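Asker: Here you go, this is coords-v6.cif (mmCIF, C-alpha atoms and all ligand atoms).
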data_coords
#
loop_
_atom_site.label_atom_id
_atom_site.label_comp_id
_atom_site.auth_asym_id
_atom_site.auth_seq_id
_atom_site.Cartn_x
_atom_site.Cartn_y
_atom_site.Cartn_z
CA ALA P 1412 0.00 0.00 0.00
CA SER P 1413 1.15 3.50 -0.63
CA LEU P 1414 1.93 5.71 2.34
CA VAL P 1415 -1.03 7.87 1.44
CA THR P 1416 -3.27 4.84 1.89
CA VAL P 1417 -1.68 3.93 5.20
CA LEU P 1418 -2.18 7.47 6.40
CA PHE P 1419 -5.77 7.41 5.19
CA HIS P 1420 -6.42 4.38 7.34
CA LEU P 1421 -4.82 6.18 10.24
CA GLY P 1422 -7.32 8.95 9.74
CA GLU P 1423 -4.92 11.39 8.08
CA MET P 1424 -5.71 12.83 4.70
CA ALA P 1425 -2.50 13.46 2.86
CA THR P 1426 -1.19 13.92 -0.64
CA ALA P 1427 2.06 12.45 -1.85
CA THR P 1428 3.96 15.73 -1.75
CA GLN P 1429 2.64 16.90 1.59
CA SER P 1430 4.86 17.48 4.60
CA LEU P 1431 4.17 15.78 7.90
CA ASP P 1432 4.55 17.09 11.40
CA GLU P 1433 6.60 15.18 13.95
CA ASP P 1434 3.60 13.48 15.59
CA THR P 1435 2.13 12.14 12.35
CA PHE P 1436 5.59 11.03 11.37
CA GLU P 1437 5.94 9.03 14.56
CA THR P 1438 2.47 7.46 14.16
CA LEU P 1439 3.28 6.49 10.60
CA GLY P 1440 6.57 4.98 11.69
CA ALA P 1441 4.88 2.95 14.38
CA GLU P 1442 2.28 1.67 11.93
CA LEU P 1443 4.99 0.51 9.55
CA GLY P 1444 7.06 -1.05 12.29
CA TYR P 1445 9.80 1.61 12.39
CA LYS P 1446 10.90 3.38 15.49
CA ILE P 1447 11.17 7.04 14.60
CA GLN P 1448 13.48 9.08 16.76
CA ILE P 1449 13.63 12.82 16.47
CA VAL P 1450 17.07 13.89 17.65
CA SER P 1451 17.91 17.35 18.92
CA PRO P 1452 21.16 18.98 17.70
CA GLU P 1453 22.44 18.91 21.30
CA ASP P 1454 21.90 15.18 21.59
CA GLU P 1455 23.49 14.69 18.23
CA ASP P 1456 26.57 16.62 19.26
CA LYS P 1457 26.77 14.74 22.54
CA GLU P 1458 26.76 11.51 20.59
CA LEU P 1459 29.34 12.85 18.18
CA LEU P 1460 31.71 13.66 21.05
CA GLU P 1461 31.07 10.32 22.69
CA GLY P 1462 32.31 8.78 19.48
CA PHE P 1463 35.64 10.37 20.33
CA GLY P 1464 35.54 9.09 23.89
CA LEU P 1465 34.40 12.44 25.27
CA ASP P 1466 31.47 12.43 27.69
CA LEU P 1467 31.53 15.89 29.20
CA GLU P 1468 28.57 15.34 31.54
CA ALA P 1469 30.00 12.16 32.97
CA GLU P 1470 33.32 13.93 33.38
CA LEU P 1471 31.75 16.66 35.52
CA GLU P 1472 29.74 14.19 37.55
CA ALA P 1473 32.84 12.19 38.34
CA GLU P 1474 34.62 15.17 39.88
CA THR P 1475 35.21 14.91 43.59
CA ASP P 1476 34.95 17.68 46.14
CA GLU P 1477 38.73 17.75 46.63
CA GLU P 1478 39.26 18.41 42.94
CA LEU P 1479 37.16 21.58 42.93
CA GLU P 1480 38.68 25.00 43.51
CA PRO P 1481 36.96 28.39 43.85
CA ARG P 1482 36.56 30.44 40.71
CA ALA P 1483 35.39 33.97 39.90
CA PRO P 1484 31.68 34.61 39.29
CA ILE P 1485 30.83 35.28 35.65
CA VAL P 1486 28.55 38.26 35.17
CA THR P 1487 26.48 39.54 32.25
CA VAL P 1488 25.00 43.02 32.06
CA MET P 1489 21.46 43.19 30.67
CA GLY P 1490 18.78 45.80 30.27
CA HIS P 1491 16.71 48.01 28.01
CA VAL P 1492 18.22 50.03 25.15
CA ASP P 1493 20.03 53.17 26.27
CA HIS P 1494 19.74 52.36 29.95
CA GLY P 1495 23.53 52.46 30.25
CA LYS P 1496 24.87 48.90 29.82
CA THR P 1497 27.91 49.92 27.79
CA ARG P 1498 28.66 52.87 30.06
CA LEU P 1499 28.41 50.65 33.10
CA LEU P 1500 30.81 48.07 31.66
CA ASP P 1501 33.24 50.93 31.03
CA SER P 1502 32.97 52.19 34.60
CA ILE P 1503 33.51 48.70 35.95
CA ARG P 1504 36.59 48.33 33.77
CA LYS P 1505 37.96 51.52 35.30
CA ALA P 1506 37.13 50.38 38.83
CA ASP P 1507 39.57 47.47 38.54
CA VAL P 1508 42.04 47.85 41.40
CA ILE P 1509 45.06 46.73 39.39
CA SER P 1510 44.07 48.35 36.11
CA GLY P 1511 46.24 51.44 36.72
CA GLU P 1512 49.58 49.69 37.01
CA ALA P 1513 48.78 47.18 34.27
CA GLY P 1514 48.02 49.90 31.76
CA GLY P 1515 44.24 49.50 31.65
CA ILE P 1516 41.91 46.86 30.31
CA THR P 1517 41.77 46.85 26.52
CA GLN P 1518 38.65 46.83 24.40
CA HIS P 1519 40.02 44.03 22.21
CA ILE P 1520 38.71 41.25 24.35
CA GLY P 1521 35.09 40.08 24.69
CA ALA P 1522 35.28 39.45 28.42
CA TYR P 1523 37.44 40.75 31.22
CA GLN P 1524 38.18 40.18 34.84
CA VAL P 1525 38.32 42.91 37.44
CA ARG P 1526 39.73 42.61 40.93
CA HIS P 1527 37.62 44.02 43.67
CA ASP P 1528 38.49 44.65 47.32
CA HIS P 1529 35.75 43.05 49.35
CA ASP P 1530 35.88 42.67 53.13
CA GLY P 1531 39.64 43.07 53.07
CA VAL P 1532 40.13 40.44 50.38
CA THR P 1533 40.88 41.16 46.72
CA ARG P 1534 38.65 38.96 44.60
CA PRO P 1535 38.18 38.51 40.86
CA ILE P 1536 34.89 39.01 39.01
CA THR P 1537 34.54 38.12 35.33
CA PHE P 1538 32.42 40.27 33.05
CA ILE P 1539 31.18 39.28 29.64
CA ASP P 1540 31.55 42.36 27.53
CA THR P 1541 28.73 41.73 25.08
CA PRO P 1542 25.83 43.45 26.76
CA GLY P 1543 22.24 42.75 25.98
CA HIS P 1544 20.15 39.66 26.22
CA GLU P 1545 20.84 38.70 22.60
CA ALA P 1546 24.26 37.33 23.47
CA PHE P 1547 22.82 35.63 26.52
CA THR P 1548 20.03 34.02 24.50
CA ALA P 1549 22.37 33.01 21.71
CA MET P 1550 24.62 31.27 24.18
CA ARG P 1551 21.79 29.56 25.96
CA ALA P 1552 20.35 28.42 22.65
CA ARG P 1553 23.63 26.63 22.07
CA GLY P 1554 23.36 25.02 25.45
CA ALA P 1555 26.03 27.17 26.99
CA GLN P 1556 25.26 28.53 30.39
CA VAL P 1557 28.13 30.88 31.01
CA THR P 1558 26.50 33.43 33.26
CA ASP P 1559 26.39 33.02 37.03
CA ILE P 1560 24.86 36.40 37.85
CA ALA P 1561 23.01 38.96 35.71
CA ILE P 1562 23.21 42.65 36.43
CA LEU P 1563 19.93 44.17 35.33
CA VAL P 1564 20.43 47.82 34.43
CA VAL P 1565 17.36 50.02 34.74
CA ALA P 1566 17.57 53.73 34.06
CA ALA P 1567 15.98 55.60 36.94
CA ASP P 1568 14.58 58.27 34.61
CA ASP P 1569 12.92 55.74 32.33
CA GLY P 1570 11.85 52.80 34.46
CA VAL P 1571 11.00 49.23 33.60
CA MET P 1572 10.70 48.85 29.83
CA PRO P 1573 9.93 45.90 27.49
CA GLN P 1574 13.54 44.76 27.20
CA THR P 1575 13.98 45.05 30.95
CA VAL P 1576 11.20 42.51 31.34
CA GLU P 1577 12.60 40.34 28.57
CA ALA P 1578 16.03 40.36 30.18
CA LEU P 1579 14.75 39.46 33.61
CA ASN P 1580 12.58 36.72 32.14
CA HIS P 1581 15.62 35.20 30.48
CA ALA P 1582 17.65 35.32 33.66
CA GLN P 1583 14.85 33.89 35.78
CA ALA P 1584 14.18 31.13 33.26
CA ALA P 1585 17.85 30.21 33.40
CA ASN P 1586 17.87 30.35 37.20
CA VAL P 1587 20.48 33.07 37.15
CA PRO P 1588 20.30 35.39 40.17
CA ILE P 1589 19.82 39.07 39.38
CA VAL P 1590 21.48 42.12 40.90
CA VAL P 1591 19.61 45.29 39.98
CA ALA P 1592 21.62 48.37 39.08
CA ILE P 1593 19.39 51.41 39.13
CA ASN P 1594 21.35 53.66 36.80
CA LYS P 1595 21.39 57.36 35.97
CA VAL P 1596 20.57 58.33 39.56
CA ASP P 1597 22.52 61.55 38.88
CA LYS P 1598 19.73 62.72 36.62
CA GLU P 1599 17.16 65.16 37.77
CA GLY P 1600 13.84 63.51 38.44
CA ALA P 1601 15.48 60.10 38.89
CA ASN P 1602 13.30 58.04 41.19
CA PRO P 1603 15.00 54.81 42.32
CA ASP P 1604 12.13 53.83 44.60
CA LYS P 1605 9.75 53.82 41.67
CA ILE P 1606 11.97 51.22 39.97
CA ARG P 1607 12.04 49.18 43.18
CA GLN P 1608 8.26 49.34 43.22
CA GLN P 1609 7.90 48.38 39.55
CA LEU P 1610 10.20 45.39 39.88
CA THR P 1611 8.27 43.87 42.77
CA GLU P 1612 5.75 42.82 40.12
CA TYR P 1613 8.42 40.56 38.66
CA ASN P 1614 9.42 38.93 41.92
CA LEU P 1615 12.44 41.16 42.30
CA VAL P 1616 12.06 42.53 45.80
CA SER P 1617 14.81 44.62 47.30
CA GLU P 1618 16.44 43.35 50.49
CA ASP P 1619 15.46 46.42 52.48
CA TRP P 1620 11.88 45.71 51.47
CA GLY P 1621 12.06 42.17 52.79
CA GLY P 1622 13.06 40.47 49.54
CA ASP P 1623 16.26 38.75 48.54
CA THR P 1624 17.40 40.76 45.54
CA MET P 1625 20.18 43.30 45.90
CA PHE P 1626 19.47 46.73 44.43
CA VAL P 1627 22.24 49.29 44.01
CA ASN P 1628 21.89 52.90 42.92
CA VAL P 1629 24.58 53.80 40.41
CA SER P 1630 25.64 56.46 38.00
CA ALA P 1631 27.61 54.77 35.26
CA LEU P 1632 28.37 58.23 33.92
CA GLN P 1633 29.96 59.50 37.13
CA GLY P 1634 31.34 56.15 38.26
CA MET P 1635 29.16 56.33 41.36
CA GLY P 1636 28.03 53.22 43.22
CA ILE P 1637 30.29 50.87 41.26
CA ASP P 1638 32.09 49.53 44.34
CA GLU P 1639 28.74 48.84 46.00
CA LEU P 1640 27.56 47.08 42.86
CA LEU P 1641 30.64 44.83 42.82
CA ASP P 1642 30.11 44.13 46.52
CA ALA P 1643 26.53 43.14 45.74
CA VAL P 1644 27.72 40.76 43.02
CA LEU P 1645 30.09 39.01 45.42
CA LEU P 1646 27.49 38.88 48.19
CA THR P 1647 25.00 37.35 45.76
CA ALA P 1648 27.61 34.81 44.65
CA ASP P 1649 28.44 33.90 48.24
CA ALA P 1650 24.79 33.68 49.25
CA GLY P 1651 23.77 30.82 47.05
CA LEU P 1652 26.22 29.87 44.32
CA ASP P 1653 28.78 27.15 44.54
CA LEU P 1654 31.36 28.59 42.20
CA ARG P 1655 34.00 25.95 41.98
CA ALA P 1656 35.68 24.10 39.15
CA ASN P 1657 38.40 21.56 38.59
CA PRO P 1658 41.43 23.29 37.08
CA ASN P 1659 43.49 20.11 36.73
CA LYS P 1660 42.31 18.64 33.45
CA ASP P 1661 41.93 19.52 29.78
CA ALA P 1662 40.00 22.74 29.38
CA ARG P 1663 36.32 22.89 28.47
CA GLY P 1664 34.59 26.21 27.99
CA VAL P 1665 32.80 28.62 25.72
CA ALA P 1666 33.77 31.10 23.02
CA VAL P 1667 32.00 34.28 24.05
CA GLU P 1668 33.12 36.40 21.12
CA ALA P 1669 35.14 35.83 17.97
CA HIS P 1670 36.15 37.72 14.89
CA LEU P 1671 38.63 37.82 12.04
CA ASP P 1672 41.63 40.01 12.72
CA LYS P 1673 43.63 41.28 9.76
CA GLY P 1674 46.99 40.46 11.28
CA ARG P 1675 46.24 37.58 13.58
CA GLY P 1676 43.55 35.65 11.73
CA ALA P 1677 40.66 34.16 13.69
CA VAL P 1678 40.70 35.41 17.26
CA ALA P 1679 38.29 34.20 19.91
CA THR P 1680 37.63 35.31 23.45
CA VAL P 1681 37.11 32.14 25.41
CA LEU P 1682 36.03 31.46 28.95
CA VAL P 1683 37.26 28.29 30.55
CA ASN P 1684 34.50 26.50 32.51
CA SER P 1685 36.71 23.78 33.86
CA GLY P 1686 40.25 22.61 33.35
CA THR P 1687 43.17 24.76 32.29
CA LEU P 1688 43.78 25.95 28.75
CA ARG P 1689 47.41 26.16 27.66
CA VAL P 1690 49.36 27.47 24.71
CA GLY P 1691 49.97 24.51 22.42
CA ASP P 1692 46.64 22.79 23.19
CA SER P 1693 44.63 21.42 20.25
CA ILE P 1694 41.15 22.83 20.50
CA VAL P 1695 37.76 22.64 18.79
CA ALA P 1696 35.28 25.49 19.16
CA GLY P 1697 32.07 24.72 17.32
CA THR P 1698 33.26 23.93 13.81
CA ALA P 1699 36.52 25.84 14.22
CA TYR P 1700 39.66 24.03 15.28
CA GLY P 1701 43.37 24.58 15.62
CA ARG P 1702 46.24 24.75 18.00
CA VAL P 1703 46.46 27.58 20.52
CA ARG P 1704 49.36 29.65 19.18
CA ALA P 1705 49.14 32.42 21.73
CA MET P 1706 46.81 33.75 24.39
CA PHE P 1707 46.35 37.27 25.73
CA ASP P 1708 44.65 38.62 28.81
CA GLU P 1709 42.51 41.76 29.10
CA TYR P 1710 45.67 43.89 29.36
CA ASP P 1711 46.93 42.48 26.06
CA ASN P 1712 49.66 40.68 27.95
CA PRO P 1713 50.59 37.24 26.65
CA VAL P 1714 49.63 34.43 29.01
CA GLU P 1715 50.63 30.77 29.00
CA GLU P 1716 47.52 29.37 30.63
CA ALA P 1717 43.93 30.16 31.53
CA THR P 1718 42.16 28.64 34.54
CA PRO P 1719 38.36 28.50 35.12
CA ALA P 1720 36.48 31.80 34.65
CA ARG P 1721 39.64 33.45 33.31
CA PRO P 1722 38.83 35.03 29.93
CA VAL P 1723 41.57 34.99 27.31
CA LEU P 1724 41.94 35.90 23.69
CA VAL P 1725 42.98 32.83 21.74
CA ILE P 1726 44.91 32.87 18.49
CA GLY P 1727 45.42 29.87 16.26
CA LEU P 1728 41.94 28.78 15.15
CA THR P 1729 41.43 27.99 11.48
CA SER P 1730 38.09 29.79 11.34
CA VAL P 1731 35.87 32.02 13.44
CA PRO P 1732 33.62 30.18 15.91
CA GLY P 1733 30.16 31.49 16.77
CA ALA P 1734 29.45 33.36 19.98
CA GLY P 1735 28.30 30.74 22.44
CA ASP P 1736 30.04 27.82 20.77
CA SER P 1737 31.51 25.48 23.29
CA PHE P 1738 35.18 24.61 23.06
CA ILE P 1739 37.15 21.65 24.25
CA VAL P 1740 40.75 20.60 24.25
CA ALA P 1741 41.16 17.52 22.10
CA GLU P 1742 43.76 14.80 22.38
CA ASP P 1743 45.69 16.03 19.34
CA ASP P 1744 45.41 18.13 16.18
CA ARG P 1745 43.95 15.28 14.21
CA THR P 1746 41.14 14.61 16.68
CA ALA P 1747 40.34 18.31 16.85
CA ARG P 1748 40.06 18.48 13.09
CA GLN P 1749 37.92 15.35 12.89
CA ILE P 1750 35.46 16.62 15.49
CA ALA P 1751 35.20 19.95 13.67
CA GLU P 1752 34.64 18.24 10.32
CA LYS P 1753 31.97 15.92 11.70
CA ARG P 1754 30.20 18.89 13.24
CA GLU P 1755 30.33 20.75 9.99
CA ALA P 1756 28.77 17.79 8.18
CA ALA P 1757 26.06 17.56 10.84
CA GLU P 1758 25.40 21.28 10.55
CA ARG P 1759 25.10 21.07 6.79
CA ALA P 1760 22.63 18.22 7.07
CA ALA P 1761 20.60 20.18 9.63
CA GLN P 1762 20.57 23.24 7.38
CA LEU P 1763 19.31 21.16 4.52
CA ALA P 1764 16.58 19.63 6.64
CA LYS P 1765 15.59 23.05 7.89
CA ARG P 1766 15.30 24.42 4.38
CA ARG P 1767 12.89 21.64 3.61
CA LYS P 1768 11.49 22.19 7.06
CA ARG P 1769 9.48 18.99 6.99
CA ILE P 1770 9.95 15.69 5.35
CA SER P 1771 7.50 15.00 2.58
CA LEU P 1772 5.96 11.62 1.91
CA GLU P 1773 7.90 11.44 -1.32
CA ASP P 1774 11.15 11.33 0.67
CA PHE P 1775 9.74 8.57 2.79
CA ASN P 1776 8.70 6.59 -0.28
CA LYS P 1777 12.18 6.96 -1.77
CA ALA P 1778 13.89 5.88 1.41
P1 LIG D 1 22.39 50.19 23.87
O1 LIG D 1 23.70 49.49 23.70
O2 LIG D 1 22.03 51.04 22.71
O3 LIG D 1 21.27 49.28 24.27
O4 LIG D 1 22.55 51.23 25.09
P2 LIG D 1 23.29 51.02 26.45
O5 LIG D 1 22.36 50.39 27.41
O6 LIG D 1 24.60 50.39 26.23
O7 LIG D 1 23.45 52.52 26.94
P3 LIG D 1 24.76 53.41 26.89
O8 LIG D 1 25.76 52.96 27.87
O9 LIG D 1 25.19 53.56 25.50
O10 LIG D 1 24.13 54.77 27.44
C1 LIG D 1 23.08 55.41 26.77
C2 LIG D 1 23.13 56.88 27.03
O11 LIG D 1 22.88 57.13 28.42
C3 LIG D 1 24.49 57.51 26.73
O12 LIG D 1 24.29 58.78 26.20
C4 LIG D 1 25.15 57.60 28.09
O13 LIG D 1 26.09 58.61 28.18
C5 LIG D 1 23.95 57.85 28.99
N1 LIG D 1 24.19 57.36 30.33
C6 LIG D 1 24.60 56.13 30.69
N2 LIG D 1 24.73 56.04 32.02
C7 LIG D 1 24.37 57.24 32.53
C8 LIG D 1 24.31 57.77 33.86
O14 LIG D 1 24.58 57.12 34.86
N3 LIG D 1 23.87 59.05 33.97
C9 LIG D 1 23.54 59.81 32.90
N4 LIG D 1 23.14 61.04 33.12
N5 LIG D 1 23.62 59.34 31.66
C10 LIG D 1 24.03 58.08 31.45
MG MG D 2 25.48 49.51 24.52
#
Now, as a test, write the supplied structure out as structure tokens.
Answerer:
Amino acid sequence: ASLVTVLFHLGEMATATQSLDEDTFETLGAELGYKIQIVSPEDEDKELLEGFGLDLEAELEAETDEELEPRAPIVTVMGHVDHGKTRLLDSIRKADVISGEAGGITQHIGAYQVRHDHDGVTRPITFIDTPGHEAFTAMRARGAQVTDIAILVVAADDGVMPQTVEALNHAQAANVPIVVAINKVDKEGANPDKIRQQLTEYNLVSEDWGGDTMFVNVSALQGMGIDELLDAVLLTADAGLDLRANPNKDARGVAVEAHLDKGRGAVATVLVNSGTLRVGDSIVAGTAYGRVRAMFDEYDNPVEEATPARPVLVIGLTSVPGAGDSFIVAEDDRTARQIAEKREAAERAAQLAKRRKRISLEDFNKA
């Protein structure tokens, strides 16, 4: 019997060129004695890596308490257009306690670490320099959860706006704690309490109002309140996050930004999640691969290694990875290349399937 007939008996009217949705496809498969499995790209990639003896989840689960060491919190700045995200990231860069002697943090790198004096201890905090929830969403869509804490910037003269809500929804959905920075408090007519009030509707209740979210008044323009904001980030990290990682293994992490540089070729800012990345390592980031030729920190100083939560600029990749692509150190150059090539093939197949969107009965008949 033709598939159209089978479908007819299943109560589905279809023509030979029609596309089927996933459910119908599964029913049809069952009827014909096939088990139809619809595989997500994440599962597919997991399987691909397992083919190379890499099971990243199992690896993390196997880590013992003694192997874990404290790492810096990783922070993303989010908020509505024009509320001061970029300005705030600039002020934070300038607030770095060692920035002066080191010559200042450069703008070349997509993430940076500042050192902040907190309760008599100097501690690092890592900032991802691509503000906005787009980067955050893009990374999450690729399965990368790189953010530990989100700073939600709300301009005191403008209040809660659509993208403020979007941003906080994203953070809450990802279970990422939020620190609220009420910005532009230097402006006339700025009303921080109104923002506090507005945000209660979204379950963000300030500590002094009996909630558990830290609110800090800042002026990114004047560099006011930045120390308090960094304190709040560390307090939030200490209150409920277990920020530890095993530095003593091959590095696994995420490319947070990448571009083509005229002189240096493909450069990528990467954040190590666990392990230690070293010059000379063979790496794969998405479909890009290569050997780490050199690494630079946020002061443009060459570094030999990067430990967890330490952002570095990596040189040596054959192509530019996407923002949010995960990276891993592979056993050798050949393995790195093979993983990259397999991923590229998988991506091409997925693109093709997407273009067709659905599988028509004709394809099924041919198969
Ligand atoms: P997009 O990237 O376009 O979404 O904006 P943004 O959130 O990065 O805002 P940006 O930092 O570019 O600031 C927007 C405008 O607000 C600029 O003109 C800033 O100078 C100004 N601004 C930012 N912070 C403050 C502040 O604390 N006080 C005052 N008065 N102005 C500020
Ligand atoms: Mg900006």
Asker: Using Å and a single decimal, report how far atom CA of Val1565 of chain P sits from atom CA of Asn1602 of chain P.
Answerer: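 Distance reported for this atom pair: 11.1 Å.
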Asker: Anything within 12 Å of (38.2, 48.3, 36.4): list those residues as a VMD selection string, counting only C-alpha atoms and sticking to the file's coordinates.
Answerer: chain P and resid 1499 to 1517 1523 to 1528 1535 to 1538 1634 1637 to 1638 1641 1709 to 1710
Asker: Which residues form the shell of 9 Å around ligand MG 2 (chain D) when you count all atoms listed in the file, given as a ChimeraX atom specification?
Answerer: /P:1492-1498,1541-1543
Asker: Using only C-alpha atoms and all ligand atoms, which residue out of P:Asp1568, P:Asp1466, P:Glu1474, P:Glu1442 lies closest to ligand LIG 1 (chain D)?
Answerer: P:Asp1568
Asker: Write out as a PyMOL selection string each polymer residue whose atoms come within 10 Å of Thr1438 of chain P, counting only C-alpha atoms; drop sequence neighbours fewer than 6 positions from it.
Answerer: chain P and resi 1418+1421+1444-1447
Asker: Between atom CA of Ala1592 of chain P and atom CA of Gly1651 of chain P, what is the distance in Å, rounded to a tenth?
Answerer: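 Atom CA of Ala1592 of chain P sits 19.4 Å away from atom CA of Gly1651 of chain P.
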Asker: Could you check how far atom CA of Thr1475 of chain P sits from atom CA of Val1587 of chain P, in Å to one decimal?
Answerer: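 Value for the atom CA of Thr1475 of chain P-atom CA of Val1587 of chain P distance: 24.3 Å.
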Asker: Pick out the closest residue to ligand LIG 1 (chain D) from this set: P:Asp1597, P:Asp1434, P:Asp1708, P:Glu1477. Count all atoms listed in the file.
Answerer: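 Among the listed residues, P:Asp1597 lies closest to ligand LIG 1 (chain D).
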Asker: Pick from P:Val1667, P:Ala1662, P:Val1564, P:Ala1751: nearest to ligand LIG 1 (chain D), with all atoms listed in the file counted?
Answerer: P:Val1564
Asker: Just want the 8 Å neighbourhood of Ser1693 of chain P, counted on all atoms listed in the file, with same-chain residues fewer than 3 positions away dropped. Output as a list in words.
Answerer: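 Residues meeting the cut-off are Tyr1700, Gly1701, Arg1702, Val1703, Val1740, Ala1741, Glu1742, Asp1743, Asp1744 and Ala1747 of chain P.
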Asker: Within 9 Å of (39.0, 33.2, 26.0) (file coordinates; only C-alpha atoms), which protein or nucleic acid residues are there? I'd like them as a PyMOL selection string.
Answerer: chain P and resi 1520-1522+1664-1668+1679-1683+1706-1708+1717+1721-1725
Asker: For ligand LIG 1 (chain D), which of P:Asp1540, P:Glu1472, P:Glu1461, P:Asp1653 is the closest residue, counting all atoms listed in the file?
Answerer: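 Distance minimum relative to ligand LIG 1 (chain D) lands on P:Asp1540.
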Asker: Between P:Ser1413, P:Gln1556, P:Ser1730, P:Ser1630, which residue has the minimum interatomic distance to ligand LIG 1 (chain D), considering only C-alpha atoms and all ligand atoms?
Answerer: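 For ligand LIG 1 (chain D), the nearest of the given residues is P:Ser1630.
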Asker: Under the rule that all atoms listed in the file are counted, which of P:Ala1648, P:Ile1560, P:Ile1589, P:Val1596 is the nearest residue to Val1486 of chain P?
Answerer: P:Ile1560
Asker: Just want the 9 Å neighbourhood of Arg1655 of chain P, counted on only C-alpha atoms, with same-chain residues fewer than 5 positions away dropped. Output as a PDB file with C-alpha atoms, keeping the file's coordinate frame.
Answerer:
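Contents of part_2.pdb, freshly written:
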ATOM      1  CA  LEU P1479      37.160  21.580  42.930  1.00  0.00           C
ATOM      2  CA  GLU P1480      38.680  25.000  43.510  1.00  0.00           C
ATOM      3  CA  PRO P1481      36.960  28.390  43.850  1.00  0.00           C
ATOM      4  CA  ARG P1482      36.560  30.440  40.710  1.00  0.00           C
ATOM      5  CA  ALA P1483      35.390  33.970  39.900  1.00  0.00           C
ATOM      6  CA  SER P1685      36.710  23.780  33.860  1.00  0.00           C
ATOM      7  CA  PRO P1719      38.360  28.500  35.120  1.00  0.00           C
TER       8      PRO P1719
END
Asker: For Glu1458 of chain P, please output as an MDAnalysis selection string all residues within 12 Å (counting all atoms listed in the file; exclusion window: fewer than 5 positions along the same chain).
Answerer: chainID P and resid 1450:1453 1463:1468 1750 1753:1754 1757
Asker: Please put the answer as lines of an AutoDock Vina configuration file: centre and edge lengths, in Å with one decimal, of a box along x, y and z that encloses all listed atoms of segment 1518-1526 of chain P plus 8 Å on each side.
Answerer:
center_x = 37.6
center_y = 43.1
center_z = 31.6
size_x = 20.9
size_y = 23.4
size_z = 34.7
